[in-house]
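J.: Contents of structure01.txt (compact mmCIF, C-alpha atoms and all ligand atoms) are below:
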```
# COMPACT_ATOMS: atom_id res chain seq x y z
CA MET G 1 -140.36 -115.43 -2.04
CA SER G 2 -139.49 -111.98 -0.76
CA GLY G 3 -136.29 -110.03 -1.46
CA ASP G 4 -134.78 -110.64 1.97
CA GLN G 5 -134.72 -114.35 1.22
CA MET G 6 -132.02 -113.92 -1.40
CA SER G 7 -128.31 -113.73 -0.62
CA GLY G 8 -126.56 -113.31 -3.95
CA ASP G 9 -127.89 -116.25 -5.97
CA HIS G 10 -128.79 -118.23 -2.85
CA VAL G 11 -132.26 -118.68 -1.50
CA MET G 12 -132.30 -118.35 2.31
CA PRO G 13 -135.24 -120.38 3.64
CA ARG G 14 -136.83 -119.21 6.88
CA ILE G 15 -136.84 -121.77 9.63
CA ALA G 16 -138.65 -121.40 12.97
CA VAL G 17 -137.64 -123.76 15.78
CA VAL G 18 -140.56 -123.71 18.21
CA PHE G 19 -140.23 -125.72 21.39
CA TYR G 20 -141.08 -126.27 25.01
CA SER G 21 -138.41 -127.15 27.55
CA ALA G 22 -138.76 -127.40 31.33
CA THR G 23 -135.17 -128.21 32.24
CA GLY G 24 -133.13 -127.32 29.16
CA ASN G 25 -132.71 -130.58 27.24
CA ILE G 26 -135.05 -129.67 24.40
CA ALA G 27 -133.57 -126.17 24.30
CA ALA G 28 -130.10 -127.64 23.71
CA MET G 29 -131.49 -129.82 20.92
CA ALA G 30 -133.35 -126.83 19.44
CA GLU G 31 -130.09 -124.88 19.31
CA ALA G 32 -128.29 -127.78 17.60
CA LEU G 33 -131.07 -128.07 15.04
CA ALA G 34 -130.93 -124.30 14.49
CA ALA G 35 -127.16 -124.46 14.01
CA GLY G 36 -127.60 -127.12 11.32
CA ALA G 37 -130.19 -124.99 9.52
CA THR G 38 -127.99 -121.90 9.80
CA GLU G 39 -124.98 -123.76 8.39
CA GLU G 40 -127.20 -124.67 5.46
CA GLY G 41 -127.86 -120.95 4.80
CA ALA G 42 -131.26 -120.55 6.46
CA GLN G 43 -132.53 -117.58 8.44
CA VAL G 44 -133.49 -119.08 11.78
CA ARG G 45 -135.65 -118.09 14.74
CA VAL G 46 -135.40 -120.21 17.90
CA ARG G 47 -138.37 -119.60 20.18
CA PRO G 48 -139.66 -121.35 23.28
CA VAL G 49 -143.39 -121.27 23.93
CA VAL G 50 -144.70 -119.57 27.05
CA GLU G 51 -144.50 -121.49 30.34
CA LEU G 52 -148.01 -122.10 31.63
CA ALA G 53 -147.45 -124.40 34.62
CA PRO G 54 -148.47 -123.10 38.05
CA ALA G 55 -145.68 -121.87 40.32
CA GLU G 56 -146.35 -124.68 42.85
CA ALA G 57 -145.57 -127.32 40.22
CA ILE G 58 -142.41 -125.55 39.08
CA ASP G 59 -141.22 -125.06 42.64
CA ARG G 60 -141.33 -128.80 43.29
CA ASN G 61 -138.46 -129.29 40.81
CA PRO G 62 -135.40 -127.06 41.42
CA ARG G 63 -134.07 -127.70 37.90
CA TRP G 64 -137.38 -126.55 36.40
CA ARG G 65 -137.43 -123.44 38.61
CA ALA G 66 -133.81 -122.68 37.65
CA TRP G 67 -134.65 -122.96 33.94
CA VAL G 68 -137.67 -120.69 34.27
CA GLU G 69 -135.55 -118.09 36.09
CA ASN G 70 -132.35 -118.31 34.05
CA ASN G 71 -133.11 -119.50 30.51
CA PRO G 72 -131.48 -117.29 27.88
CA TYR G 73 -134.55 -116.61 25.73
CA ASP G 74 -135.97 -113.08 25.58
CA GLU G 75 -138.64 -113.82 23.00
CA THR G 76 -141.30 -116.51 23.05
CA ALA G 77 -142.93 -118.06 20.00
CA THR G 78 -145.74 -116.12 18.35
CA LEU G 79 -148.17 -116.80 15.53
CA ALA G 80 -146.14 -114.30 13.50
CA ASP G 81 -143.13 -116.63 13.74
CA LEU G 82 -145.18 -119.44 12.20
CA GLU G 83 -146.46 -117.18 9.45
CA TRP G 84 -142.91 -115.93 8.77
CA ALA G 85 -141.39 -119.40 8.51
CA ASP G 86 -141.16 -121.59 5.43
CA GLY G 87 -140.08 -124.54 7.58
CA ILE G 88 -141.00 -125.28 11.20
CA ALA G 89 -139.33 -127.64 13.67
CA LEU G 90 -141.41 -128.51 16.73
CA GLY G 91 -139.67 -129.80 19.87
CA SER G 92 -141.03 -131.03 23.17
CA PRO G 93 -140.01 -133.30 26.03
CA THR G 94 -141.99 -136.51 26.14
CA ARG G 95 -144.73 -136.08 28.73
CA PHE G 96 -146.60 -139.28 29.47
CA GLY G 97 -145.92 -140.43 25.94
CA GLY G 98 -146.91 -137.22 24.14
CA PRO G 99 -145.87 -133.57 23.76
CA ALA G 100 -146.05 -131.13 26.68
CA GLY G 101 -149.31 -129.26 27.16
CA GLN G 102 -147.48 -125.95 26.91
CA LEU G 103 -146.54 -126.66 23.29
CA LYS G 104 -150.00 -128.01 22.49
CA GLU G 105 -151.59 -124.92 24.02
CA PHE G 106 -149.56 -122.73 21.66
CA LEU G 107 -150.38 -124.93 18.68
CA ASP G 108 -154.05 -124.73 19.63
CA THR G 109 -153.92 -120.97 19.03
CA THR G 110 -153.17 -121.48 15.32
CA GLY G 111 -156.82 -121.93 14.27
CA GLY G 112 -156.98 -118.47 12.72
CA LEU G 113 -153.88 -119.01 10.59
CA TRP G 114 -155.17 -122.47 9.66
CA MET G 115 -158.55 -121.03 8.57
CA GLN G 116 -156.78 -118.54 6.32
CA GLY G 117 -154.64 -121.29 4.77
CA LYS G 118 -151.49 -119.61 6.05
CA LEU G 119 -149.93 -122.85 7.28
CA VAL G 120 -150.38 -124.81 4.06
CA ASP G 121 -147.13 -126.07 2.51
CA LYS G 122 -144.97 -125.24 5.52
CA VAL G 123 -142.25 -127.84 5.82
CA GLY G 124 -142.30 -129.62 9.18
CA ALA G 125 -140.07 -131.75 11.40
CA ALA G 126 -140.19 -132.72 15.08
CA PHE G 127 -137.78 -133.74 17.84
CA THR G 128 -137.99 -134.87 21.45
CA SER G 129 -136.28 -136.21 24.57
CA ALA G 130 -137.51 -138.70 27.16
CA SER G 131 -135.92 -140.21 30.24
CA THR G 132 -136.31 -143.84 29.15
CA ARG G 133 -135.62 -145.61 25.89
CA HIS G 134 -139.15 -146.91 25.51
CA GLY G 135 -140.79 -143.98 27.23
CA GLY G 136 -142.47 -142.52 24.15
CA LEU G 137 -139.94 -140.85 21.85
CA GLU G 138 -141.70 -141.97 18.68
CA SER G 139 -145.22 -141.43 19.98
CA THR G 140 -144.31 -137.85 20.93
CA ILE G 141 -142.80 -137.05 17.54
CA LEU G 142 -145.76 -138.62 15.75
CA ALA G 143 -148.19 -136.62 17.90
CA MET G 144 -146.42 -133.38 16.94
CA ASN G 145 -146.53 -134.49 13.32
CA ASN G 146 -150.32 -134.86 13.58
CA VAL G 147 -150.52 -131.07 13.79
CA PHE G 148 -148.50 -130.79 10.57
CA TYR G 149 -150.99 -133.05 8.78
CA HIS G 150 -153.84 -130.78 9.77
CA TRP G 151 -151.98 -127.68 8.63
CA GLY G 152 -151.28 -129.24 5.23
CA SER G 153 -147.55 -129.28 5.89
CA ILE G 154 -144.89 -131.32 4.16
CA ILE G 155 -143.30 -133.51 6.82
CA VAL G 156 -139.59 -134.14 6.40
CA ALA G 157 -138.61 -137.49 7.87
CA LEU G 158 -135.10 -137.67 9.28
CA GLY G 159 -134.74 -141.27 8.18
CA TYR G 160 -131.25 -142.76 8.08
CA THR G 161 -130.16 -140.04 5.69
CA ASP G 162 -126.64 -139.74 7.08
CA PRO G 163 -124.26 -142.47 8.27
CA HIS G 164 -124.27 -140.89 11.75
CA LEU G 165 -127.96 -141.66 12.05
CA MET G 166 -127.26 -145.39 11.74
CA GLU G 167 -125.50 -145.04 15.11
CA SER G 168 -127.47 -142.46 17.02
CA GLY G 169 -130.51 -142.10 14.96
CA ASN G 170 -134.18 -142.16 15.29
CA PRO G 171 -135.71 -141.99 11.78
CA TYR G 172 -138.75 -140.19 13.20
CA GLY G 173 -136.68 -137.18 14.32
CA GLY G 174 -133.92 -136.03 16.64
CA SER G 175 -134.25 -137.65 20.04
CA PHE G 176 -132.35 -138.22 23.26
CA VAL G 177 -132.78 -140.57 26.20
CA SER G 178 -131.94 -138.43 29.23
CA ARG G 179 -131.05 -140.90 31.99
CA ARG G 180 -131.05 -139.23 35.41
CA SER G 181 -131.62 -135.83 33.78
CA ALA G 182 -128.43 -136.00 31.68
CA PRO G 183 -128.13 -133.22 29.08
CA PRO G 184 -128.18 -134.25 25.39
CA ASP G 185 -124.93 -135.94 24.36
CA ASP G 186 -122.87 -135.24 21.24
CA ASP G 187 -124.56 -138.01 19.26
CA ALA G 188 -128.02 -136.60 19.89
CA LEU G 189 -126.92 -133.03 19.19
CA ARG G 190 -125.30 -134.12 15.95
CA ALA G 191 -128.52 -135.85 14.89
CA CYS G 192 -130.42 -132.64 15.58
CA ARG G 193 -127.88 -130.63 13.59
CA LEU G 194 -128.35 -133.01 10.68
CA GLN G 195 -132.12 -132.68 11.05
CA GLY G 196 -131.87 -128.88 10.91
CA ALA G 197 -129.66 -129.00 7.83
CA ARG G 198 -132.03 -131.42 6.10
CA LEU G 199 -135.06 -129.31 6.98
CA ALA G 200 -133.34 -126.20 5.58
CA ARG G 201 -132.20 -127.96 2.41
CA ILE G 202 -135.61 -129.35 1.56
CA THR G 203 -137.37 -126.13 2.52
CA ARG G 204 -135.03 -124.22 0.22
CA GLN G 205 -136.01 -126.43 -2.71
CA LEU G 206 -139.69 -125.80 -2.09
CA VAL G 207 -139.26 -122.05 -1.61
CA ARG G 208 -137.36 -121.92 -4.88
CA GLU G 209 -140.15 -123.75 -6.71
CA ALA G 210 -143.02 -121.81 -5.12
CA PRO G 211 -145.10 -119.76 -7.57
C1 LIG S 1 -144.55 -134.64 33.93
C2 LIG S 1 -143.47 -135.38 33.21
C3 LIG S 1 -143.79 -136.44 32.40
C4 LIG S 1 -142.79 -137.17 31.75
N1 LIG S 1 -143.16 -138.23 30.97
C5 LIG S 1 -142.19 -139.01 30.42
C6 LIG S 1 -142.55 -140.16 29.66
O1 LIG S 1 -143.71 -140.44 29.38
N2 LIG S 1 -141.55 -140.95 29.21
C7 LIG S 1 -140.23 -140.69 29.47
O2 LIG S 1 -139.37 -141.49 29.11
N3 LIG S 1 -139.85 -139.54 30.12
C8 LIG S 1 -140.81 -138.70 30.60
N4 LIG S 1 -140.45 -137.56 31.26
C9 LIG S 1 -139.03 -137.13 31.27
C10 LIG S 1 -138.75 -135.98 30.26
O3 LIG S 1 -139.32 -136.23 29.01
C11 LIG S 1 -137.23 -135.84 30.07
O4 LIG S 1 -136.64 -135.59 31.33
C12 LIG S 1 -136.83 -134.74 29.10
O5 LIG S 1 -135.46 -134.93 28.72
C13 LIG S 1 -136.94 -133.32 29.69
O6 LIG S 1 -136.68 -132.36 28.70
P1 LIG S 1 -136.48 -130.82 29.08
O7 LIG S 1 -135.20 -130.74 29.89
O8 LIG S 1 -136.37 -130.09 27.78
O9 LIG S 1 -137.67 -130.38 29.87
C14 LIG S 1 -141.43 -136.82 31.90
C15 LIG S 1 -141.10 -135.71 32.70
C16 LIG S 1 -142.12 -135.00 33.35
C17 LIG S 1 -141.74 -133.82 34.22
```
What do you get writing this file as structure tokens?
Ligand SMILES: Cc1cc2nc3c(=O)[nH]c(=O)nc-3n(C[C@H](O)[C@H](O)[C@H](O)COP(=O)(O)O)c2cc1C
T.:
Amino acid sequence: MSGDQMSGDHVMPRIAVVFYSATGNIAAMAEALAAGATEEGAQVRVRPVVELAPAEAIDRNPRWRAWVENNPYDETATLADLEWADGIALGSPTRFGGPAGQLKEFLDTTGGLWMQGKLVDKVGAAFTSASTRHGGLESTILAMNNVFYHWGSIIVALGYTDPHLMESGNPYGGSFVSRRSAPPDDDALRACRLQGARLARITRQLVREAP
């Protein structure tokens, strides 16, 4: 643990929220998760990965084009963000039952960090949104979690760890069914906030115990 992780007697875990979003839903969930982690005393970086889709594909969807032009993020995710973080939340829309290629492409650049053992013992969690209830929420979260297994991460399940999650919840991770492109509702955002707080709390314990 380095000095900047202490605030008085409190350990401030470092949480990176790394995500892909084409039309803003996952970004809204990323911000809710980040708010939960921040409320729990974490230092948080919220970073989208770089857009890689060709302009012709983006132009076919005005909402996608608008997000690319107007999203509020100045900085995209880097390998340094992963190295910096003690805990990492991965977020992606469900794309044909799995995570978006843009996120996978970024994750596929982590071989060097992986070889050096720099991703071992990171604490991980994942979240998603799909347009249909059975359209692949769980399969997408589980696919993101596969990366955590390879890194040697400690995956934090959301479970039904708060009464709210009995109503809105998906024990695999924050999720939202976006019918007709609806933005995440309060229930989904609250679940993400709880997920961020839980990730920060558990990460803090592990940072405190680290040799
Ligand atoms: C190419 C493509 C594939 C998609 N595949 C699925 C899918 O398999 N299941 C599903 O329910 N929704 C699917 N969706 C819908 C998105 O997952 C959903 O709209 C999501 O909320 C978008 O998140 P975003 O606004 O962060 O991009 C797909 C959307 C696109 C553009």
J.: Please list as an MDAnalysis selection string every residue within 9 Å of range 204-207 of chain G, counting all atoms listed in the file and excluding residues in the same chain fewer than 3 positions away.
T.: chainID G and resid 1 11:14 42 86:87 121 123 199:201 210:211
J.: Quick check, in Å to one decimal: how far apart do CA of Leu165 in chain G and atom C9 of ligand LIG 1 (chain S) lie?
T.: 22.6 Å
J.: At a cut-off of 7 Å, using only C-alpha atoms, what residues contact Ser178 in chain G? Leave out same-chain residues fewer than 2 positions from it and give the result as a list of chain:residue names.
T.: G:Ser129, G:Ala130, G:Ser131, G:Thr132, G:Phe176, G:Arg180, G:Ser181, G:Ala182, G:Pro183, G:Pro184
J.: Given the point (-134.8, -124.6, 34.2) in the coordinates of this file, which residues lie within 12 Å, counting only C-alpha atoms, and how would they look as a list of chain:residue names?
T.: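 These residues have at least one counted atom within 12 Å: G:Tyr20, G:Ser21, G:Ala22, G:Thr23, G:Gly24, G:Asn25, G:Ile26, G:Ala27, G:Ala28, G:Glu51, G:Ile58, G:Asp59, G:Arg60, G:Asn61, G:Pro62, G:Arg63, G:Trp64, G:Arg65, G:Ala66, G:Trp67, G:Val68, G:Glu69, G:Asn70, G:Asn71, G:Pro72, G:Tyr73, G:Ser181.
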J.: Name the residues in contact with Asp81 in chain G at a cut-off of 9 Å, using all atoms listed in the file, excluding same-chain residues fewer than 6 positions from it; report them as JSON, numbers by chain.
T.: {"G": [16, 18, 45, 47]}
J.: CA of Glu83 in chain G and atom C12 of ligand LIG 1 (chain S), how far apart in Å?
T.: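 That distance, rounded to one decimal, is 28.1 Å.
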J.: Since the input lacks atoms, please generate N, CA and C atoms for range 86-120 of chain G and provide them as an mmCIF file, keeping the file's coordinate frame.
T.:
```cif
data_model
loop_
_atom_site.group_PDB
_atom_site.id
_atom_site.type_symbol
_atom_site.label_atom_id
_atom_site.label_comp_id
_atom_site.auth_asym_id
_atom_site.auth_seq_id
_atom_site.Cartn_x
_atom_site.Cartn_y
_atom_site.Cartn_z
ATOM 1 N N ASP G 86 -140.877 -120.640 6.519
ATOM 2 C CA ASP G 86 -141.160 -121.590 5.430
ATOM 3 C C ASP G 86 -141.104 -123.019 5.988
ATOM 4 N N GLY G 87 -140.225 -123.231 6.961
ATOM 5 C CA GLY G 87 -140.080 -124.540 7.580
ATOM 6 C C GLY G 87 -140.155 -124.396 9.092
ATOM 7 N N ILE G 88 -140.784 -125.366 9.754
ATOM 8 C CA ILE G 88 -141.000 -125.280 11.200
ATOM 9 C C ILE G 88 -140.552 -126.582 11.851
ATOM 10 N N ALA G 89 -139.687 -126.470 12.859
ATOM 11 C CA ALA G 89 -139.330 -127.640 13.670
ATOM 12 C C ALA G 89 -140.013 -127.484 15.014
ATOM 13 N N LEU G 90 -140.743 -128.507 15.425
ATOM 14 C CA LEU G 90 -141.410 -128.510 16.730
ATOM 15 C C LEU G 90 -140.647 -129.426 17.671
ATOM 16 N N GLY G 91 -140.383 -128.970 18.896
ATOM 17 C CA GLY G 91 -139.670 -129.800 19.870
ATOM 18 C C GLY G 91 -140.375 -129.777 21.215
ATOM 19 N N SER G 92 -140.431 -130.942 21.837
ATOM 20 C CA SER G 92 -141.030 -131.030 23.170
ATOM 21 C C SER G 92 -140.444 -132.218 23.916
ATOM 22 N N PRO G 93 -140.292 -132.097 25.250
ATOM 23 C CA PRO G 93 -140.010 -133.300 26.030
ATOM 24 C C PRO G 93 -141.190 -134.256 25.919
ATOM 25 N N THR G 94 -140.911 -135.526 26.042
ATOM 26 C CA THR G 94 -141.990 -136.510 26.140
ATOM 27 C C THR G 94 -142.649 -136.377 27.501
ATOM 28 N N ARG G 95 -143.944 -136.203 27.495
ATOM 29 C CA ARG G 95 -144.730 -136.080 28.730
ATOM 30 C C ARG G 95 -145.822 -137.126 28.686
ATOM 31 N N PHE G 96 -145.632 -138.186 29.470
ATOM 32 C CA PHE G 96 -146.600 -139.280 29.470
ATOM 33 C C PHE G 96 -146.881 -139.758 28.042
ATOM 34 N N GLY G 97 -145.819 -139.863 27.288
ATOM 35 C CA GLY G 97 -145.920 -140.430 25.940
ATOM 36 C C GLY G 97 -146.340 -139.476 24.850
ATOM 37 N N GLY G 98 -146.507 -138.203 25.167
ATOM 38 C CA GLY G 98 -146.910 -137.220 24.140
ATOM 39 C C GLY G 98 -146.217 -135.896 24.397
ATOM 40 N N PRO G 99 -146.508 -134.880 23.564
ATOM 41 C CA PRO G 99 -145.870 -133.570 23.760
ATOM 42 C C PRO G 99 -146.418 -132.856 24.998
ATOM 43 N N ALA G 100 -145.642 -131.920 25.512
ATOM 44 C CA ALA G 100 -146.050 -131.130 26.680
ATOM 45 C C ALA G 100 -147.260 -130.260 26.337
ATOM 46 N N GLY G 101 -148.120 -130.088 27.341
ATOM 47 C CA GLY G 101 -149.310 -129.260 27.160
ATOM 48 C C GLY G 101 -148.973 -127.833 26.761
ATOM 49 N N GLN G 102 -147.850 -127.332 27.237
ATOM 50 C CA GLN G 102 -147.480 -125.950 26.910
ATOM 51 C C GLN G 102 -147.320 -125.772 25.405
ATOM 52 N N LEU G 103 -146.692 -126.763 24.749
ATOM 53 C CA LEU G 103 -146.540 -126.660 23.290
ATOM 54 C C LEU G 103 -147.907 -126.814 22.621
ATOM 55 N N LYS G 104 -148.680 -127.777 23.094
ATOM 56 C CA LYS G 104 -150.000 -128.010 22.490
ATOM 57 C C LYS G 104 -150.881 -126.766 22.628
ATOM 58 N N GLU G 105 -150.799 -126.134 23.792
ATOM 59 C CA GLU G 105 -151.590 -124.920 24.020
ATOM 60 C C GLU G 105 -151.248 -123.854 22.961
ATOM 61 N N PHE G 106 -149.949 -123.697 22.698
ATOM 62 C CA PHE G 106 -149.560 -122.730 21.660
ATOM 63 C C PHE G 106 -150.099 -123.174 20.297
ATOM 64 N N LEU G 107 -149.930 -124.448 19.986
ATOM 65 C CA LEU G 107 -150.380 -124.930 18.680
ATOM 66 C C LEU G 107 -151.901 -124.777 18.540
ATOM 67 N N ASP G 108 -152.592 -124.863 19.665
ATOM 68 C CA ASP G 108 -154.050 -124.730 19.630
ATOM 69 C C ASP G 108 -154.506 -123.285 19.406
ATOM 70 N N THR G 109 -153.551 -122.352 19.369
ATOM 71 C CA THR G 109 -153.920 -120.970 19.030
ATOM 72 C C THR G 109 -153.773 -120.689 17.531
ATOM 73 N N THR G 110 -153.455 -121.723 16.738
ATOM 74 C CA THR G 110 -153.170 -121.480 15.320
ATOM 75 C C THR G 110 -154.425 -121.609 14.430
ATOM 76 N N GLY G 111 -155.599 -121.746 15.068
ATOM 77 C CA GLY G 111 -156.820 -121.930 14.270
ATOM 78 C C GLY G 111 -157.046 -120.831 13.246
ATOM 79 N N GLY G 112 -156.762 -119.591 13.644
ATOM 80 C CA GLY G 112 -156.980 -118.470 12.720
ATOM 81 C C GLY G 112 -156.099 -118.563 11.496
ATOM 82 N N LEU G 113 -154.805 -118.861 11.727
ATOM 83 C CA LEU G 113 -153.880 -119.010 10.590
ATOM 84 C C LEU G 113 -154.309 -120.185 9.719
ATOM 85 N N TRP G 114 -154.718 -121.270 10.385
ATOM 86 C CA TRP G 114 -155.170 -122.470 9.660
ATOM 87 C C TRP G 114 -156.375 -122.142 8.771
ATOM 88 N N MET G 115 -157.337 -121.390 9.333
ATOM 89 C CA MET G 115 -158.550 -121.030 8.570
ATOM 90 C C MET G 115 -158.194 -120.229 7.320
ATOM 91 N N GLN G 116 -157.180 -119.393 7.465
ATOM 92 C CA GLN G 116 -156.780 -118.540 6.320
ATOM 93 C C GLN G 116 -155.847 -119.272 5.364
ATOM 94 N N GLY G 117 -155.540 -120.512 5.650
ATOM 95 C CA GLY G 117 -154.640 -121.290 4.770
ATOM 96 C C GLY G 117 -153.189 -120.866 4.876
ATOM 97 N N LYS G 118 -152.851 -120.156 5.952
ATOM 98 C CA LYS G 118 -151.490 -119.610 6.050
ATOM 99 C C LYS G 118 -150.448 -120.651 6.445
ATOM 100 N N LEU G 119 -150.895 -121.827 6.831
ATOM 101 C CA LEU G 119 -149.930 -122.850 7.280
ATOM 102 C C LEU G 119 -149.757 -123.958 6.240
ATOM 103 N N VAL G 120 -150.474 -123.823 5.136
ATOM 104 C CA VAL G 120 -150.380 -124.810 4.060
ATOM 105 C C VAL G 120 -148.975 -124.762 3.451
#
```
